[in-house]
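*Asks:* I am sharing my_file-v2.cif, which consists of mmCIF, C-alpha atoms:
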data_run
loop_
_atom_site.group_PDB
_atom_site.id
_atom_site.type_symbol
_atom_site.label_atom_id
_atom_site.label_comp_id
_atom_site.auth_asym_id
_atom_site.auth_seq_id
_atom_site.Cartn_x
_atom_site.Cartn_y
_atom_site.Cartn_z
ATOM 1 C CA MET A 1 -10.854 -24.643 -5.234
ATOM 2 C CA LYS A 2 -8.953 -25.181 -8.424
ATOM 3 C CA LEU A 3 -5.461 -23.740 -8.865
ATOM 4 C CA THR A 4 -3.773 -23.515 -12.249
ATOM 5 C CA MET A 5 -0.351 -22.009 -12.811
ATOM 6 C CA ASP A 6 1.167 -20.537 -15.954
ATOM 7 C CA LYS A 7 4.276 -18.547 -16.780
ATOM 8 C CA MET A 8 4.008 -15.235 -18.626
ATOM 9 C CA ASP A 9 6.739 -12.656 -19.179
ATOM 10 C CA GLY A 10 8.826 -13.864 -16.236
ATOM 11 C CA MET A 11 5.847 -14.010 -13.883
ATOM 12 C CA LEU A 12 4.048 -16.928 -12.315
ATOM 13 C CA ILE A 13 0.312 -16.568 -12.864
ATOM 14 C CA ALA A 14 -1.621 -18.466 -10.186
ATOM 15 C CA CYS A 15 -5.274 -18.599 -11.215
ATOM 16 C CA LEU A 16 -7.725 -19.440 -8.440
ATOM 17 C CA GLN A 17 -11.163 -20.766 -9.252
ATOM 18 C CA GLY A 18 -14.080 -21.494 -6.945
ATOM 19 C CA VAL A 19 -13.826 -21.089 -3.175
ATOM 20 C CA VAL A 20 -10.802 -20.653 -0.889
ATOM 21 C CA ASN A 21 -11.633 -21.451 2.725
ATOM 22 C CA SER A 22 -10.280 -23.291 5.752
ATOM 23 C CA ALA A 23 -10.815 -26.645 4.037
ATOM 24 C CA ASN A 24 -8.307 -25.903 1.267
ATOM 25 C CA ALA A 25 -6.217 -22.918 2.409
ATOM 26 C CA GLU A 26 -3.398 -25.119 3.682
ATOM 27 C CA GLN A 27 -3.125 -26.847 0.303
ATOM 28 C CA LEU A 28 -3.055 -23.482 -1.483
ATOM 29 C CA GLU A 29 -0.354 -22.201 0.852
ATOM 30 C CA ALA A 30 1.783 -25.297 0.274
ATOM 31 C CA GLU A 31 1.469 -25.083 -3.514
ATOM 32 C CA LEU A 32 2.301 -21.381 -3.706
ATOM 33 C CA ALA A 33 5.123 -21.630 -1.155
ATOM 34 C CA ALA A 34 6.647 -24.458 -3.181
ATOM 35 C CA GLN A 35 6.751 -22.200 -6.241
ATOM 36 C CA VAL A 36 8.552 -19.478 -4.289
ATOM 37 C CA ASP A 37 10.964 -22.101 -2.954
ATOM 38 C CA LYS A 38 11.639 -23.139 -6.575
ATOM 39 C CA GLY A 39 12.696 -19.576 -7.404
ATOM 40 C CA GLU A 40 9.556 -17.704 -8.424
ATOM 41 C CA ARG A 41 9.897 -14.043 -7.465
ATOM 42 C CA ARG A 42 7.032 -12.335 -9.286
ATOM 43 C CA VAL A 43 3.674 -13.915 -8.565
ATOM 44 C CA VAL A 44 0.310 -12.774 -9.882
ATOM 45 C CA LEU A 45 -2.808 -14.068 -8.161
ATOM 46 C CA ASP A 46 -5.479 -14.039 -10.865
ATOM 47 C CA LEU A 47 -8.740 -13.964 -8.921
ATOM 48 C CA GLY A 48 -11.091 -13.486 -11.872
ATOM 49 C CA ARG A 49 -12.666 -16.902 -11.346
ATOM 50 C CA LEU A 50 -12.637 -16.833 -7.555
ATOM 51 C CA ASP A 51 -16.142 -16.878 -6.089
ATOM 52 C CA TYR A 52 -15.278 -16.599 -2.388
ATOM 53 C CA ILE A 53 -12.268 -16.203 -0.104
ATOM 54 C CA SER A 54 -12.423 -16.673 3.670
ATOM 55 C CA SER A 55 -10.140 -15.268 6.334
ATOM 56 C CA ALA A 56 -8.077 -18.462 6.001
ATOM 57 C CA GLY A 57 -7.563 -17.636 2.325
ATOM 58 C CA LEU A 58 -6.614 -14.050 3.136
ATOM 59 C CA ARG A 59 -4.052 -15.410 5.586
ATOM 60 C CA VAL A 60 -2.499 -17.452 2.763
ATOM 61 C CA VAL A 61 -2.202 -14.330 0.614
ATOM 62 C CA LEU A 62 -0.386 -12.561 3.463
ATOM 63 C CA LEU A 63 1.946 -15.492 4.132
ATOM 64 C CA VAL A 64 2.908 -15.893 0.478
ATOM 65 C CA ALA A 65 3.512 -12.150 0.160
ATOM 66 C CA LYS A 66 5.723 -12.258 3.251
ATOM 67 C CA GLN A 67 7.656 -15.216 1.848
ATOM 68 C CA LEU A 68 8.151 -13.337 -1.426
ATOM 69 C CA ARG A 69 9.335 -10.169 0.351
ATOM 70 C CA GLN A 70 11.956 -12.207 2.218
ATOM 71 C CA VAL A 71 13.511 -13.133 -1.146
ATOM 72 C CA GLN A 72 13.001 -9.693 -2.752
ATOM 73 C CA GLY A 73 9.936 -10.921 -4.625
ATOM 74 C CA GLU A 74 6.535 -9.360 -5.169
ATOM 75 C CA LEU A 75 2.864 -10.305 -5.293
ATOM 76 C CA VAL A 76 0.238 -8.610 -7.460
ATOM 77 C CA LEU A 77 -3.500 -9.327 -7.415
ATOM 78 C CA CYS A 78 -5.481 -9.144 -10.628
ATOM 79 C CA GLU A 79 -8.997 -9.408 -12.047
ATOM 80 C CA LEU A 80 -10.882 -9.250 -8.751
ATOM 81 C CA LYS A 81 -14.653 -9.705 -9.053
ATOM 82 C CA PRO A 82 -16.588 -6.941 -7.265
ATOM 83 C CA HIS A 83 -17.632 -9.111 -4.295
ATOM 84 C CA VAL A 84 -14.104 -10.541 -3.892
ATOM 85 C CA ARG A 85 -12.640 -7.052 -4.210
ATOM 86 C CA GLU A 86 -14.960 -5.938 -1.402
ATOM 87 C CA VAL A 87 -13.527 -8.625 0.915
ATOM 88 C CA PHE A 88 -9.996 -7.438 0.135
ATOM 89 C CA GLU A 89 -11.047 -3.818 0.643
ATOM 90 C CA ILE A 90 -12.791 -4.419 3.979
ATOM 91 C CA SER A 91 -9.785 -6.386 5.235
ATOM 92 C CA GLY A 92 -7.432 -3.549 4.268
ATOM 93 C CA PHE A 93 -5.560 -5.677 1.739
ATOM 94 C CA LEU A 94 -6.116 -3.249 -1.131
ATOM 95 C CA SER A 95 -3.818 -0.787 0.629
ATOM 96 C CA ILE A 96 -1.135 -3.476 0.977
ATOM 97 C CA PHE A 97 -1.081 -5.152 -2.443
ATOM 98 C CA PRO A 98 -0.958 -3.800 -5.966
ATOM 99 C CA VAL A 99 -4.114 -4.658 -7.911
ATOM 100 C CA ALA A 100 -4.315 -4.869 -11.694
ATOM 101 C CA ASN A 101 -7.287 -5.228 -14.020
ATOM 102 C CA SER A 102 -5.544 -7.781 -16.256
ATOM 103 C CA ARG A 103 -2.536 -10.061 -16.391
ATOM 104 C CA GLU A 104 -0.865 -7.628 -18.767
ATOM 105 C CA ALA A 105 -1.420 -4.743 -16.365
ATOM 106 C CA ALA A 106 -0.037 -6.915 -13.567
ATOM 107 C CA ALA A 107 3.310 -7.047 -15.375
ATOM 108 C CA ALA A 108 3.495 -3.248 -15.221
ATOM 109 C CA ALA A 109 2.515 -3.234 -11.534
ATOM 110 C CA PHE A 110 5.717 -4.888 -10.354
ATOM 111 C CA LYS A 111 8.100 -2.388 -8.774
ATOM 112 C CA THR A 112 11.262 -4.194 -9.802
ATOM 113 C CA ALA A 113 12.362 -4.866 -13.340
ATOM 114 C CA LEU A 114 11.534 -8.270 -14.721
ATOM 115 C CA PRO A 115 14.524 -10.462 -15.565
ATOM 116 C CA ARG A 116 15.535 -10.486 -19.205
#
Starting from the file, lay out its structure as structure tokens.

*Replies:*
Amino acid sequence: MKLTMDKMDGMLIACLQGVVNSANAEQLEAELAAQVDKGERRVVLDLGRLDYISSAGLRVVLLVAKQLRQVQGELVLCELKPHVREVFEISGFLSIFPVANSREAAAAAFKTALPR
């Protein structure tokens, strides 16, 4: 797994590449949680380069979303490949999280206004 982070329009874009599984889920959780602890409130998980996510990875998505909700933040998923989207759909996550086709569309998916 490779994780890169960028800022765009008041959002943190966390781009995941490769595979998220039990071997690296804890590291991913720690890195994303640290960003929320530093004050990030609008996080986009860009999954366009993600090849596979296990149940351990799905757990991380839930935990980060919960952490964000506790501080009035939000999580949006974007650019899901068809096979990754299927995992999120089967797990019921698509009914829980907003999903956008692009980073730009993710900005519009947030329910709260972005800070100016």

*Asks:* Using only the atoms of range 68-83 of chain A listed in the file, plus 6 Å on each side, state the axis-aligned box centre and edge lengths in Å rounded to one decimal, as AutoDock Vina command-line options.

*Replies:*
--center_x -2.1 --center_y -10.1 --center_z -4.9 --size_x 43.1 --size_y 18.4 --size_z 26.3

*Asks:* In the coordinates of the file, take the point (-12.6, -10.9, -0.1) and a cut-off of 7 Å; then, counting only C-alpha atoms, name each qualifying protein, DNA or RNA residue as a PyMOL selection string.

*Replies:* chain A and resi 52-54+83-88

*Asks:* Ranking A:Gly10, A:Gly39, A:Gly57, A:Pro98 by minimum distance to Cys78 in chain A and counting all atoms listed in the file, which one comes first?

*Replies:*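 Answer, going by the shortest atom-to-atom distance: A:Pro98.
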
*Asks:* Could you state which residues are captured by the PyMOL selection byres ((chain A and resi 73) around 12) in this file, as a count of residues only?

*Replies:* 29

*Asks:* What is the distance, in Å and to one decimal place, between CA of Ser22 in chain A and CA of Met8 in chain A?

*Replies:*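 Here the two named atoms are 29.4 Å from each other.
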
*Asks:* Taking the file as shown, what set of residues would the PyMOL selection byres ((chain A and resi 77) around 10) give back, as a PyMOL selection string?

*Replies:* chain A and resi 13-14+43-48+61+75-76+78-80+85+94+97-103+106+109

*Asks:* Translate the PyMOL selection byres ((chain A and resi 49) around 7), as applied to the file shown, into an explicit residue set as a list of chain:residue names.

*Replies:*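 Taken over the shown coordinates, the PyMOL selection byres ((chain A and resi 49) around 7) returns A:Leu16, A:Gln17, A:Gly18, A:Leu47, A:Gly48, A:Leu50, A:Asp51.
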